[in-house]
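Peer 1: Contents of coords_24.pdb (PDB, C-alpha atoms) are below:
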ATOM      1  CA  MET A  95     -19.326  48.816 -22.945
ATOM      2  CA  THR A  96     -16.129  48.850 -24.989
ATOM      3  CA  THR A  97     -12.968  46.959 -24.184
ATOM      4  CA  ASP A  98      -9.444  48.300 -23.829
ATOM      5  CA  ALA A  99      -7.181  46.002 -25.812
ATOM      6  CA  ASN A 100      -4.230  46.868 -23.578
ATOM      7  CA  ALA A 101      -5.814  45.647 -20.365
ATOM      8  CA  ASP A 102      -8.122  43.018 -18.925
ATOM      9  CA  LEU A 103     -10.451  45.764 -17.750
ATOM     10  CA  PRO A 104     -13.110  47.352 -19.942
ATOM     11  CA  ALA A 105     -12.465  50.877 -21.156
ATOM     12  CA  THR A 106     -15.889  52.211 -20.177
ATOM     13  CA  MET A 107     -18.585  51.511 -17.626
ATOM     14  CA  ARG A 108     -22.167  52.382 -16.795
ATOM     15  CA  ALA A 109     -22.614  54.940 -14.027
ATOM     16  CA  TRP A 110     -25.192  57.302 -12.590
ATOM     17  CA  VAL A 111     -24.199  60.949 -12.211
ATOM     18  CA  VAL A 112     -25.690  64.059 -10.645
ATOM     19  CA  PRO A 113     -25.026  66.693 -13.334
ATOM     20  CA  ALA A 114     -26.916  69.421 -11.472
ATOM     21  CA  PRO A 115     -29.007  69.663  -8.281
ATOM     22  CA  GLY A 116     -32.303  67.846  -8.641
ATOM     23  CA  ARG A 117     -31.194  65.524 -11.471
ATOM     24  CA  ILE A 118     -29.601  62.103 -11.806
ATOM     25  CA  GLU A 119     -28.961  60.309 -15.080
ATOM     26  CA  GLN A 120     -27.246  57.178 -16.326
ATOM     27  CA  VAL A 121     -24.180  57.710 -18.537
ATOM     28  CA  GLU A 122     -21.147  55.858 -19.851
ATOM     29  CA  LEU A 123     -17.823  56.865 -18.300
ATOM     30  CA  PRO A 124     -14.238  55.677 -18.598
ATOM     31  CA  VAL A 125     -13.350  53.010 -16.059
ATOM     32  CA  PRO A 126     -11.259  54.886 -13.468
ATOM     33  CA  ARG A 127      -7.628  53.975 -13.011
ATOM     34  CA  PRO A 128      -6.439  53.786  -9.408
ATOM     35  CA  ALA A 129      -3.911  56.322  -8.129
ATOM     36  CA  GLU A 130      -0.708  55.035  -6.555
ATOM     37  CA  ASP A 131      -2.318  54.466  -3.140
ATOM     38  CA  GLU A 132      -5.711  53.299  -4.406
ATOM     39  CA  LEU A 133      -7.528  50.084  -5.237
ATOM     40  CA  LEU A 134      -9.940  49.597  -8.109
ATOM     41  CA  ILE A 135     -13.106  47.797  -7.041
ATOM     42  CA  ARG A 136     -15.637  46.055  -9.284
ATOM     43  CA  VAL A 137     -18.913  46.956  -7.577
ATOM     44  CA  ARG A 138     -21.310  44.133  -6.679
ATOM     45  CA  ALA A 139     -23.818  46.129  -4.601
ATOM     46  CA  CYS A 140     -24.213  49.684  -3.343
ATOM     47  CA  GLY A 141     -26.503  50.968  -0.636
ATOM     48  CA  VAL A 142     -28.754  53.957  -1.255
ATOM     49  CA  CYS A 143     -28.236  56.410   1.581
ATOM     50  CA  ARG A 144     -30.216  59.524   2.462
ATOM     51  CA  THR A 145     -26.969  61.449   2.003
ATOM     52  CA  ASP A 146     -27.094  60.439  -1.679
ATOM     53  CA  LEU A 147     -30.516  62.052  -1.777
ATOM     54  CA  HIS A 148     -29.075  65.241  -0.270
ATOM     55  CA  VAL A 149     -26.342  65.196  -2.949
ATOM     56  CA  ARG A 150     -28.910  64.716  -5.722
ATOM     57  CA  ASP A 151     -31.242  67.404  -4.450
ATOM     58  CA  GLY A 152     -28.553  69.986  -3.676
ATOM     59  CA  ASP A 153     -29.160  69.998   0.093
ATOM     60  CA  LEU A 154     -25.397  69.479   0.272
ATOM     61  CA  PRO A 155     -23.420  71.981  -1.823
ATOM     62  CA  PRO A 156     -21.744  70.298  -4.815
ATOM     63  CA  HIS A 157     -18.089  69.449  -4.260
ATOM     64  CA  ARG A 158     -17.657  67.797  -7.654
ATOM     65  CA  SER A 159     -19.910  68.196 -10.660
ATOM     66  CA  PRO A 160     -20.944  65.978 -12.217
ATOM     67  CA  VAL A 161     -20.416  63.377  -9.506
ATOM     68  CA  VAL A 162     -21.211  59.672  -9.220
ATOM     69  CA  PRO A 163     -23.005  59.290  -5.865
ATOM     70  CA  GLY A 164     -22.882  56.275  -3.566
ATOM     71  CA  HIS A 165     -20.691  55.454  -0.567
ATOM     72  CA  GLU A 166     -21.871  52.040   0.604
ATOM     73  CA  ALA A 167     -20.223  49.950  -2.101
ATOM     74  CA  VAL A 168     -19.247  46.303  -1.776
ATOM     75  CA  GLY A 169     -17.095  44.725  -4.437
ATOM     76  CA  GLU A 170     -13.936  42.861  -5.324
ATOM     77  CA  VAL A 171     -10.437  44.166  -5.884
ATOM     78  CA  VAL A 172      -9.472  44.043  -9.559
ATOM     79  CA  ALA A 173      -6.434  46.363  -9.714
ATOM     80  CA  ALA A 174      -4.137  48.337  -7.434
ATOM     81  CA  GLY A 175      -1.820  51.321  -7.593
ATOM     82  CA  SER A 176       1.917  50.890  -7.163
ATOM     83  CA  ARG A 177       1.849  51.925  -3.476
ATOM     84  CA  ALA A 178      -1.495  50.417  -2.504
ATOM     85  CA  HIS A 179      -0.905  47.879   0.243
ATOM     86  CA  GLY A 180      -3.658  45.495   1.184
ATOM     87  CA  PRO A 181      -5.640  42.471   0.047
ATOM     88  CA  GLY A 182      -5.021  41.154  -3.450
ATOM     89  CA  PRO A 183      -7.279  40.707  -6.472
ATOM     90  CA  GLY A 184     -10.604  38.994  -5.817
ATOM     91  CA  THR A 185     -10.820  40.079  -2.177
ATOM     92  CA  ARG A 186     -14.189  41.462  -1.105
ATOM     93  CA  LEU A 187     -13.893  44.957   0.396
ATOM     94  CA  GLY A 188     -16.150  47.832   1.404
ATOM     95  CA  VAL A 189     -15.945  51.378   0.061
ATOM     96  CA  PRO A 190     -17.240  53.841   2.707
ATOM     97  CA  TRP A 191     -18.185  57.507   3.034
ATOM     98  CA  LEU A 192     -14.879  58.711   4.546
ATOM     99  CA  ARG A 193     -12.380  58.669   1.679
ATOM    100  CA  ARG A 194      -9.323  60.613   2.851
ATOM    101  CA  THR A 195      -8.001  62.748   5.685
ATOM    102  CA  CYS A 196      -4.755  64.693   5.914
ATOM    103  CA  GLY A 197      -3.284  62.704   8.835
ATOM    104  CA  ARG A 198      -1.391  65.802  10.013
ATOM    105  CA  CYS A 199      -3.891  68.267  11.499
ATOM    106  CA  ARG A 200      -4.651  68.478  15.220
ATOM    107  CA  TYR A 201      -7.889  66.544  14.761
ATOM    108  CA  CYS A 202      -6.255  63.641  12.947
ATOM    109  CA  LEU A 203      -3.411  63.521  15.470
ATOM    110  CA  ARG A 204      -5.783  63.282  18.435
ATOM    111  CA  GLY A 205      -7.967  60.548  16.945
ATOM    112  CA  GLN A 206     -10.747  62.777  15.576
ATOM    113  CA  GLU A 207     -10.070  62.362  11.870
ATOM    114  CA  ASN A 208     -13.805  62.779  11.219
ATOM    115  CA  LEU A 209     -13.277  66.498  11.962
ATOM    116  CA  CYS A 210     -10.316  66.898   9.600
ATOM    117  CA  PRO A 211     -10.839  70.131   7.607
ATOM    118  CA  SER A 212      -9.224  68.478   4.569
ATOM    119  CA  SER A 213     -11.394  65.352   4.708
ATOM    120  CA  GLU A 214     -12.843  63.990   1.461
ATOM    121  CA  TYR A 215     -15.908  61.822   0.930
ATOM    122  CA  THR A 216     -16.892  59.127  -1.544
ATOM    123  CA  GLY A 217     -19.782  60.148  -3.763
ATOM    124  CA  TRP A 218     -19.347  63.837  -2.930
ATOM    125  CA  ASP A 219     -15.685  64.825  -3.407
ATOM    126  CA  ALA A 220     -14.903  61.801  -5.602
ATOM    127  CA  ASP A 221     -16.974  59.479  -7.758
ATOM    128  CA  GLY A 222     -18.748  56.787  -5.783
ATOM    129  CA  GLY A 223     -20.444  53.427  -6.031
ATOM    130  CA  TYR A 224     -23.399  54.067  -8.355
ATOM    131  CA  ALA A 225     -21.141  52.638 -11.051
ATOM    132  CA  GLU A 226     -19.681  49.369 -12.213
ATOM    133  CA  TYR A 227     -16.236  50.335 -10.900
ATOM    134  CA  VAL A 228     -15.007  52.652  -8.158
ATOM    135  CA  THR A 229     -11.614  53.561  -6.696
ATOM    136  CA  VAL A 230     -10.826  53.739  -2.986
ATOM    137  CA  PRO A 231      -7.646  54.637  -1.093
ATOM    138  CA  ALA A 232      -6.396  51.314   0.265
ATOM    139  CA  ALA A 233      -6.019  52.715   3.781
ATOM    140  CA  TYR A 234      -9.719  53.656   3.888
ATOM    141  CA  ALA A 235     -11.276  50.444   2.535
ATOM    142  CA  TYR A 236     -12.828  48.017   5.008
ATOM    143  CA  GLU A 237     -12.330  44.298   5.270
ATOM    144  CA  LEU A 238     -15.775  42.765   5.658
ATOM    145  CA  PRO A 239     -17.174  40.042   7.920
ATOM    146  CA  SER A 240     -18.104  36.703   6.427
ATOM    147  CA  GLY A 241     -21.584  35.225   6.578
ATOM    148  CA  TYR A 242     -23.290  38.180   4.874
ATOM    149  CA  THR A 243     -24.309  38.675   1.268
ATOM    150  CA  ASP A 244     -23.009  41.680  -0.657
ATOM    151  CA  GLU A 245     -26.433  43.296  -0.399
ATOM    152  CA  GLU A 246     -26.574  42.774   3.376
ATOM    153  CA  LEU A 247     -23.127  44.291   3.843
ATOM    154  CA  ALA A 248     -23.648  47.429   1.761
ATOM    155  CA  PRO A 249     -25.766  49.409   4.276
ATOM    156  CA  LEU A 250     -23.408  48.538   7.119
ATOM    157  CA  LEU A 251     -20.740  50.723   5.474
ATOM    158  CA  CYS A 252     -22.476  54.017   6.243
ATOM    159  CA  ALA A 253     -25.888  53.473   7.792
ATOM    160  CA  GLY A 254     -24.394  51.000  10.233
ATOM    161  CA  ILE A 255     -21.183  52.875  11.001
ATOM    162  CA  ILE A 256     -22.798  56.303  11.382
ATOM    163  CA  GLY A 257     -25.520  54.806  13.561
ATOM    164  CA  TYR A 258     -22.859  53.167  15.721
ATOM    165  CA  ARG A 259     -21.094  56.498  16.208
ATOM    166  CA  ALA A 260     -24.412  58.217  16.941
ATOM    167  CA  LEU A 261     -25.152  55.574  19.583
ATOM    168  CA  ARG A 262     -21.771  56.176  21.208
ATOM    169  CA  ARG A 263     -22.335  59.946  21.136
ATOM    170  CA  ALA A 264     -25.696  59.463  22.892
ATOM    171  CA  ASP A 265     -23.964  58.219  26.071
ATOM    172  CA  LEU A 266     -26.611  55.569  26.690
ATOM    173  CA  PRO A 267     -26.008  53.986  30.114
ATOM    174  CA  PRO A 268     -25.977  50.173  30.420
ATOM    175  CA  GLY A 269     -29.539  48.883  30.271
ATOM    176  CA  GLY A 270     -30.770  52.399  29.531
ATOM    177  CA  ARG A 271     -33.861  53.659  27.714
ATOM    178  CA  LEU A 272     -33.147  54.814  24.166
ATOM    179  CA  GLY A 273     -35.491  56.734  21.883
ATOM    180  CA  ILE A 274     -34.938  56.518  18.119
ATOM    181  CA  TYR A 275     -36.588  59.203  15.973
ATOM    182  CA  GLY A 276     -36.970  58.093  12.363
ATOM    183  CA  PHE A 277     -36.556  54.446  11.430
ATOM    184  CA  GLY A 278     -34.852  54.096   8.065
ATOM    185  CA  GLY A 279     -31.657  52.364   7.017
ATOM    186  CA  SER A 280     -29.361  53.584   9.783
ATOM    187  CA  ALA A 281     -31.906  53.524  12.578
ATOM    188  CA  HIS A 282     -33.031  49.921  12.078
ATOM    189  CA  LEU A 283     -29.409  48.751  12.283
ATOM    190  CA  THR A 284     -28.591  50.906  15.308
ATOM    191  CA  ALA A 285     -31.651  49.635  17.156
ATOM    192  CA  GLN A 286     -30.354  46.089  16.860
ATOM    193  CA  VAL A 287     -26.953  47.049  18.246
ATOM    194  CA  ALA A 288     -28.560  48.845  21.191
ATOM    195  CA  ILE A 289     -30.935  45.964  21.941
ATOM    196  CA  ALA A 290     -28.036  43.486  21.793
ATOM    197  CA  GLN A 291     -26.271  45.666  24.383
ATOM    198  CA  GLY A 292     -29.267  45.422  26.722
ATOM    199  CA  ALA A 293     -31.024  48.715  26.017
ATOM    200  CA  VAL A 294     -34.775  49.276  26.044
ATOM    201  CA  VAL A 295     -35.556  50.874  22.694
ATOM    202  CA  HIS A 296     -38.561  53.055  21.880
ATOM    203  CA  VAL A 297     -39.032  53.980  18.201
ATOM    204  CA  LEU A 298     -40.783  57.159  17.081
ATOM    205  CA  THR A 299     -41.534  57.246  13.348
ATOM    206  CA  ARG A 300     -44.402  58.332  11.115
ATOM    207  CA  SER A 301     -44.303  55.223   8.900
ATOM    208  CA  PRO A 302     -46.653  52.394   9.924
ATOM    209  CA  ALA A 303     -44.446  49.884   8.072
ATOM    210  CA  ALA A 304     -41.380  51.128   9.953
ATOM    211  CA  GLN A 305     -43.272  50.884  13.253
ATOM    212  CA  THR A 306     -44.092  47.254  12.475
ATOM    213  CA  LEU A 307     -40.457  46.532  11.562
ATOM    214  CA  ALA A 308     -39.261  48.144  14.797
ATOM    215  CA  LEU A 309     -41.456  45.859  16.887
ATOM    216  CA  GLU A 310     -40.339  42.828  14.894
ATOM    217  CA  LEU A 311     -36.719  43.735  15.644
ATOM    218  CA  GLY A 312     -37.377  43.892  19.382
ATOM    219  CA  ALA A 313     -38.295  47.505  20.137
ATOM    220  CA  ALA A 314     -40.317  47.928  23.320
ATOM    221  CA  SER A 315     -42.687  50.368  21.612
ATOM    222  CA  ALA A 316     -43.235  52.095  18.272
ATOM    223  CA  LYS A 317     -45.255  55.290  17.937
ATOM    224  CA  ASP A 318     -45.608  58.357  15.734
ATOM    225  CA  SER A 319     -42.661  60.768  15.647
ATOM    226  CA  TYR A 320     -44.485  63.438  17.660
ATOM    227  CA  ASP A 321     -45.910  61.071  20.284
ATOM    228  CA  ARG A 322     -44.507  60.923  23.794
ATOM    229  CA  PRO A 323     -42.550  57.720  24.503
ATOM    230  CA  PRO A 324     -44.051  55.560  27.277
ATOM    231  CA  GLU A 325     -41.259  56.428  29.712
ATOM    232  CA  PRO A 326     -38.560  59.122  30.068
ATOM    233  CA  LEU A 327     -35.491  58.475  27.919
ATOM    234  CA  ASP A 328     -31.900  58.237  29.069
ATOM    235  CA  ALA A 329     -30.751  58.969  25.512
ATOM    236  CA  ALA A 330     -32.199  59.625  22.078
ATOM    237  CA  ILE A 331     -30.922  59.591  18.515
ATOM    238  CA  LEU A 332     -32.495  61.726  15.812
ATOM    239  CA  PHE A 333     -32.112  60.093  12.393
ATOM    240  CA  ALA A 334     -34.917  61.938  10.597
ATOM    241  CA  PRO A 335     -33.546  65.174   9.037
ATOM    242  CA  VAL A 336     -36.377  67.159  10.635
ATOM    243  CA  GLY A 337     -35.359  70.049  12.871
ATOM    244  CA  GLN A 338     -38.860  70.292  14.358
ATOM    245  CA  LEU A 339     -38.218  66.989  16.122
ATOM    246  CA  VAL A 340     -35.277  68.362  18.119
ATOM    247  CA  PRO A 341     -37.413  69.987  20.859
ATOM    248  CA  VAL A 342     -39.733  66.958  20.803
ATOM    249  CA  ALA A 343     -36.827  64.597  21.478
ATOM    250  CA  LEU A 344     -35.225  66.890  24.077
ATOM    251  CA  GLU A 345     -38.487  67.145  26.018
ATOM    252  CA  ALA A 346     -38.708  63.341  26.081
ATOM    253  CA  LEU A 347     -35.325  63.043  27.811
ATOM    254  CA  ASP A 348     -34.996  62.351  31.509
ATOM    255  CA  ALA A 349     -32.677  64.553  33.572
ATOM    256  CA  GLY A 350     -29.099  64.113  32.408
ATOM    257  CA  GLY A 351     -30.156  62.604  29.079
ATOM    258  CA  THR A 352     -28.405  63.163  25.758
ATOM    259  CA  LEU A 353     -29.808  63.731  22.269
ATOM    260  CA  SER A 354     -27.501  62.667  19.444
ATOM    261  CA  ILE A 355     -28.313  64.121  15.993
ATOM    262  CA  ALA A 356     -27.074  61.669  13.390
ATOM    263  CA  GLY A 357     -27.679  63.347  10.031
ATOM    264  CA  ILE A 358     -25.338  65.352   7.816
ATOM    265  CA  TYR A 359     -28.302  67.611   6.983
ATOM    266  CA  LEU A 360     -31.073  68.925   9.233
ATOM    267  CA  SER A 361     -33.874  71.380   8.536
ATOM    268  CA  ASP A 362     -34.104  74.445  10.774
ATOM    269  CA  ILE A 363     -34.534  73.871  14.510
ATOM    270  CA  PRO A 364     -37.371  75.827  16.181
ATOM    271  CA  SER A 365     -36.743  77.985  19.233
ATOM    272  CA  LEU A 366     -35.986  76.003  22.368
ATOM    273  CA  ASP A 367     -37.401  76.666  25.801
ATOM    274  CA  TYR A 368     -34.537  76.391  28.279
ATOM    275  CA  ASP A 369     -36.582  74.927  31.131
ATOM    276  CA  ARG A 370     -38.558  72.420  29.015
ATOM    277  CA  HIS A 371     -35.788  71.292  26.685
ATOM    278  CA  LEU A 372     -32.329  71.791  28.204
ATOM    279  CA  PHE A 373     -32.454  72.390  31.960
ATOM    280  CA  ARG A 374     -31.525  69.563  34.352
ATOM    281  CA  GLU A 375     -28.388  68.862  32.304
ATOM    282  CA  ARG A 376     -29.947  67.604  29.123
ATOM    283  CA  THR A 377     -27.346  67.578  26.342
ATOM    284  CA  MET A 378     -27.598  67.920  22.559
ATOM    285  CA  ARG A 379     -24.789  66.640  20.320
ATOM    286  CA  SER A 380     -24.188  66.478  16.592
ATOM    287  CA  VAL A 381     -22.492  63.617  14.751
ATOM    288  CA  THR A 382     -19.990  64.404  11.997
ATOM    289  CA  ALA A 383     -19.062  61.484   9.714
ATOM    290  CA  ASN A 384     -16.999  58.804  11.465
ATOM    291  CA  THR A 385     -13.471  57.656  12.078
ATOM    292  CA  ARG A 386     -12.010  54.493  10.585
ATOM    293  CA  GLU A 387     -11.839  53.099  14.111
ATOM    294  CA  ASP A 388     -15.634  53.499  14.387
ATOM    295  CA  GLY A 389     -15.969  51.428  11.233
ATOM    296  CA  ARG A 390     -13.605  48.703  12.384
ATOM    297  CA  GLU A 391     -15.342  48.446  15.771
ATOM    298  CA  PHE A 392     -18.799  48.276  14.227
ATOM    299  CA  LEU A 393     -17.861  45.662  11.619
ATOM    300  CA  ALA A 394     -16.186  43.586  14.335
ATOM    301  CA  ALA A 395     -19.429  43.750  16.323
ATOM    302  CA  ALA A 396     -21.356  42.713  13.194
ATOM    303  CA  ALA A 397     -19.040  39.714  12.822
ATOM    304  CA  GLU A 398     -19.696  38.640  16.408
ATOM    305  CA  ASP A 399     -23.460  39.324  16.609
ATOM    306  CA  ARG A 400     -25.282  39.112  13.313
ATOM    307  CA  ILE A 401     -27.139  42.284  12.317
ATOM    308  CA  SER A 402     -30.190  41.798  10.128
ATOM    309  CA  ALA A 403     -30.377  44.443   7.429
ATOM    310  CA  THR A 404     -33.867  44.787   5.977
ATOM    311  CA  ILE A 405     -33.160  45.170   2.263
ATOM    312  CA  THR A 406     -35.239  46.537  -0.579
ATOM    313  CA  PRO A 407     -33.212  45.591  -3.693
ATOM    314  CA  TYR A 408     -33.229  47.669  -6.873
ATOM    315  CA  PRO A 409     -31.546  46.736 -10.159
ATOM    316  CA  PHE A 410     -28.680  49.086 -10.995
ATOM    317  CA  ASP A 411     -30.719  50.599 -13.845
ATOM    318  CA  ARG A 412     -33.342  51.820 -11.348
ATOM    319  CA  ALA A 413     -31.127  53.961  -9.126
ATOM    320  CA  ASP A 414     -33.305  56.972  -9.923
ATOM    321  CA  ALA A 415     -36.405  55.121  -8.732
ATOM    322  CA  ALA A 416     -34.623  54.037  -5.548
ATOM    323  CA  LEU A 417     -33.839  57.665  -4.683
ATOM    324  CA  ASP A 418     -37.400  58.756  -5.470
ATOM    325  CA  ASP A 419     -38.793  56.006  -3.247
ATOM    326  CA  LEU A 420     -36.419  56.970  -0.437
ATOM    327  CA  ALA A 421     -37.512  60.601  -0.692
ATOM    328  CA  ALA A 422     -41.163  59.545  -0.466
ATOM    329  CA  ASP A 423     -40.558  57.169   2.487
ATOM    330  CA  ARG A 424     -41.548  54.175   0.383
ATOM    331  CA  VAL A 425     -38.449  52.158   1.358
ATOM    332  CA  ASN A 426     -38.753  49.810   4.322
ATOM    333  CA  GLY A 427     -35.298  49.338   5.784
ATOM    334  CA  VAL A 428     -32.659  50.258   3.219
ATOM    335  CA  ALA A 429     -32.544  50.324  -0.568
ATOM    336  CA  VAL A 430     -29.603  48.563  -2.230
ATOM    337  CA  LEU A 431     -28.547  48.685  -5.874
ATOM    338  CA  THR A 432     -27.614  45.269  -7.202
ATOM    339  CA  MET A 433     -25.258  44.640 -10.116
ATOM    340  CA  PRO A 434     -25.884  41.933 -12.697
ATOM    341  CA  ARG A 435     -23.389  39.086 -12.272
TER     342      ARG A 435
END
Could I get this file's structure written as structure tokens?
Peer 2:
Amino acid sequence: MTTDANADLPATMRAWVVPAPGRIEQVELPVPRPAEDELLIRVRACGVCRTDLHVRDGDLPPHRSPVVPGHEAVGEVVAAGSRAHGPGPGTRLGVPWLRRTCGRCRYCLRGQENLCPSSEYTGWDADGGYAEYVTVPAAYAYELPSGYTDEELAPLLCAGIIGYRALRRADLPPGGRLGIYGFGGSAHLTAQVAIAQGAVVHVLTRSPAAQTLALELGAASAKDSYDRPPEPLDAAILFAPVGQLVPVALEALDAGGTLSIAGIYLSDIPSLDYDRHLFRERTMRSVTANTREDGREFLAAAAEDRISATITPYPFDRADAALDDLAADRVNGVAVLTMPR
């Protein structure tokens, strides 16, 4: 790393980039300079999300190439643009998935900024947190609750927030029965929120280690993804990006139940049988990103009731291994890249 003699910041930094679908490599890049409304963050930790895997593997069409992935970054403010209002240098902030919206379209004006057609995303439209430094528009950075380490906070910034929105979209009644399909980073956080709210949670996942973790966190049962839960479900959330599980989850719903599909990517859904899967007012809903209000609500809940993130740490230099392990379901909980201090 070289040093810019005209500033306190280094001139270059280490970063991981996706130069083409299916590849990720470590390179040296210039340290970004924040735009007028942006903050520059020195990254301390960054979560490894399944969306990063979709960016690496080309499941999501490239929006920027090459791009630095990562959208669960925790770090400290080190510089600010001339119009960036917010906490000063040294403040710990979170850099999330949602990076910008237009603020003028009908979706933004009615509180659905997650549907903004001009929305931009960290680690997809702009370089993200698999780097020593990252920029973030000040209006989209999150203040973070105290009492958590950087590594514990990182997965809350996407896995936690998206799971929270998925839980809201599932319309789970008070004290209701919730099925969770797939039990990775987002699911194991969402389960804790639901249990804290009084829900009975049944986990359906193929991983024996994830089944054990689910029971340790308070799930009422943990079975294979294609097993029938022990009782009809009032709501279900599908976290696994497996379209074949959609009819499985719908058939497990009680009358009037709702399936919320949490992923940004899903493999093809098989044909549905109307009577078995949808009749009696079963509902299927997708989840698209999140609003900033979702994030603020979730982080406020995390400040009030501690959420235990099960972390598998990886040194920054092993980001490629972290993604490979995530793809092979070798990560229990959530992988987090840690920066040397």
Peer 1: With the PyMOL selection byres ((chain A and resi 229) around 7) as the selection, what would be picked from this file? Answer as a list in words, please.
Peer 2: Pro126, Pro128, Glu132, Leu133, Leu134, Ile135, Val228, Val230 and Pro231 of chain A
Peer 1: As an exercise, work out the distance from CA of Arg379 in chain A to CA of Ile355 in chain A in Å and give it to one decimal place.
Peer 2: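 So the two atoms, CA of Arg379 in chain A and CA of Ile355 in chain A, lie 6.1 Å apart.
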Peer 1: Would you tabulate, counting only C-alpha atoms, all residues of range 409-433 of chain A that have an atom at most 12 Å from an atom of range 267-285 of chain A, showing the closest pair of atoms and their distance in Å to one decimal, sorted by chain then ascending number, as a Markdown table?
Peer 2:
| residue | atom | partner | partner_atom | distance |
| --- | --- | --- | --- | --- |
| A:Leu420 | CA | A:Gly278 | CA | 9.1 |
| A:Ala421 | CA | A:Gly278 | CA | 11.2 |
| A:Ala422 | CA | A:Gly278 | CA | 11.9 |
| A:Asp423 | CA | A:Gly278 | CA | 8.6 |
| A:Arg424 | CA | A:Gly278 | CA | 10.2 |
| A:Val425 | CA | A:Gly278 | CA | 7.9 |
| A:Asn426 | CA | A:Gly278 | CA | 6.9 |
| A:Gly427 | CA | A:Gly279 | CA | 4.9 |
| A:Val428 | CA | A:Gly279 | CA | 4.5 |
| A:Ala429 | CA | A:Gly279 | CA | 7.9 |
| A:Val430 | CA | A:Gly279 | CA | 10.2 |
Peer 1: Go ahead and write the selection's residues with C-alpha atoms as a compact mmCIF listing (two decimals), keeping the file's coordinate frame.
Peer 2:
# COMPACT_ATOMS: atom_id res chain seq x y z
CA LEU A 420 -36.42 56.97 -0.44
CA ALA A 421 -37.51 60.60 -0.69
CA ALA A 422 -41.16 59.54 -0.47
CA ASP A 423 -40.56 57.17 2.49
CA ARG A 424 -41.55 54.18 0.38
CA VAL A 425 -38.45 52.16 1.36
CA ASN A 426 -38.75 49.81 4.32
CA GLY A 427 -35.30 49.34 5.78
CA VAL A 428 -32.66 50.26 3.22
CA ALA A 429 -32.54 50.32 -0.57
CA VAL A 430 -29.60 48.56 -2.23
Peer 1: For the interface of range 102-184 of chain A with range 322-344 of chain A (cut-off 12 Å, counting only C-alpha atoms), please tabulate each contacting residue of range 102-184 of chain A alongside its nearest pair of atoms and their separation in Å to one decimal, rows sorted by chain and increasing number, as a tab-separated table.
Peer 2:
residue	atom	partner	partner_atom	distance
A:Arg144	CA	A:Pro335	CA	9.3
A:Thr145	CA	A:Pro335	CA	10.3
A:Leu147	CA	A:Pro335	CA	11.7
A:His148	CA	A:Pro335	CA	10.3
A:Asp153	CA	A:Pro335	CA	11.1
Peer 1: Do you know which residues the PyMOL selection byres ((chain A and resi 193-199) around 7) returns on this file, as a PDB file with C-alpha atoms, in the coordinates of the input?
Peer 2:
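Result file follows (part-v5.pdb):
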ATOM      1  CA  PRO A 190     -17.240  53.841   2.707  1.00  0.00           C
ATOM      2  CA  TRP A 191     -18.185  57.507   3.034  1.00  0.00           C
ATOM      3  CA  LEU A 192     -14.879  58.711   4.546  1.00  0.00           C
ATOM      4  CA  ARG A 200      -4.651  68.478  15.220  1.00  0.00           C
ATOM      5  CA  TYR A 201      -7.889  66.544  14.761  1.00  0.00           C
ATOM      6  CA  CYS A 202      -6.255  63.641  12.947  1.00  0.00           C
ATOM      7  CA  LEU A 203      -3.411  63.521  15.470  1.00  0.00           C
ATOM      8  CA  GLU A 207     -10.070  62.362  11.870  1.00  0.00           C
ATOM      9  CA  CYS A 210     -10.316  66.898   9.600  1.00  0.00           C
ATOM     10  CA  SER A 212      -9.224  68.478   4.569  1.00  0.00           C
ATOM     11  CA  SER A 213     -11.394  65.352   4.708  1.00  0.00           C
ATOM     12  CA  GLU A 214     -12.843  63.990   1.461  1.00  0.00           C
ATOM     13  CA  TYR A 215     -15.908  61.822   0.930  1.00  0.00           C
ATOM     14  CA  THR A 216     -16.892  59.127  -1.544  1.00  0.00           C
ATOM     15  CA  VAL A 230     -10.826  53.739  -2.986  1.00  0.00           C
ATOM     16  CA  PRO A 231      -7.646  54.637  -1.093  1.00  0.00           C
ATOM     17  CA  TYR A 234      -9.719  53.656   3.888  1.00  0.00           C
TER      18      TYR A 234
END
Peer 1: Given the file shown, determine the residues that the PyMOL selection byres ((chain A and resi 166) around 9) selects; report them as a PyMOL selection string.
Peer 2: chain A and resi 139-143+164-165+167-168+188-191+216+222-223+247-253+430
Peer 1: Those selected residues, please, written with C-alpha atoms and delivered as an mmCIF file, keeping the file's coordinate frame.
Peer 2:
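Contents of again-v7.cif, as written:
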data_model
loop_
_atom_site.group_PDB
_atom_site.id
_atom_site.type_symbol
_atom_site.label_atom_id
_atom_site.label_comp_id
_atom_site.auth_asym_id
_atom_site.auth_seq_id
_atom_site.Cartn_x
_atom_site.Cartn_y
_atom_site.Cartn_z
ATOM 1 C CA ALA A 139 -23.818 46.129 -4.601
ATOM 2 C CA CYS A 140 -24.213 49.684 -3.343
ATOM 3 C CA GLY A 141 -26.503 50.968 -0.636
ATOM 4 C CA VAL A 142 -28.754 53.957 -1.255
ATOM 5 C CA CYS A 143 -28.236 56.410 1.581
ATOM 6 C CA GLY A 164 -22.882 56.275 -3.566
ATOM 7 C CA HIS A 165 -20.691 55.454 -0.567
ATOM 8 C CA ALA A 167 -20.223 49.950 -2.101
ATOM 9 C CA VAL A 168 -19.247 46.303 -1.776
ATOM 10 C CA GLY A 188 -16.150 47.832 1.404
ATOM 11 C CA VAL A 189 -15.945 51.378 0.061
ATOM 12 C CA PRO A 190 -17.240 53.841 2.707
ATOM 13 C CA TRP A 191 -18.185 57.507 3.034
ATOM 14 C CA THR A 216 -16.892 59.127 -1.544
ATOM 15 C CA GLY A 222 -18.748 56.787 -5.783
ATOM 16 C CA GLY A 223 -20.444 53.427 -6.031
ATOM 17 C CA LEU A 247 -23.127 44.291 3.843
ATOM 18 C CA ALA A 248 -23.648 47.429 1.761
ATOM 19 C CA PRO A 249 -25.766 49.409 4.276
ATOM 20 C CA LEU A 250 -23.408 48.538 7.119
ATOM 21 C CA LEU A 251 -20.740 50.723 5.474
ATOM 22 C CA CYS A 252 -22.476 54.017 6.243
ATOM 23 C CA ALA A 253 -25.888 53.473 7.792
ATOM 24 C CA VAL A 430 -29.603 48.563 -2.230
#
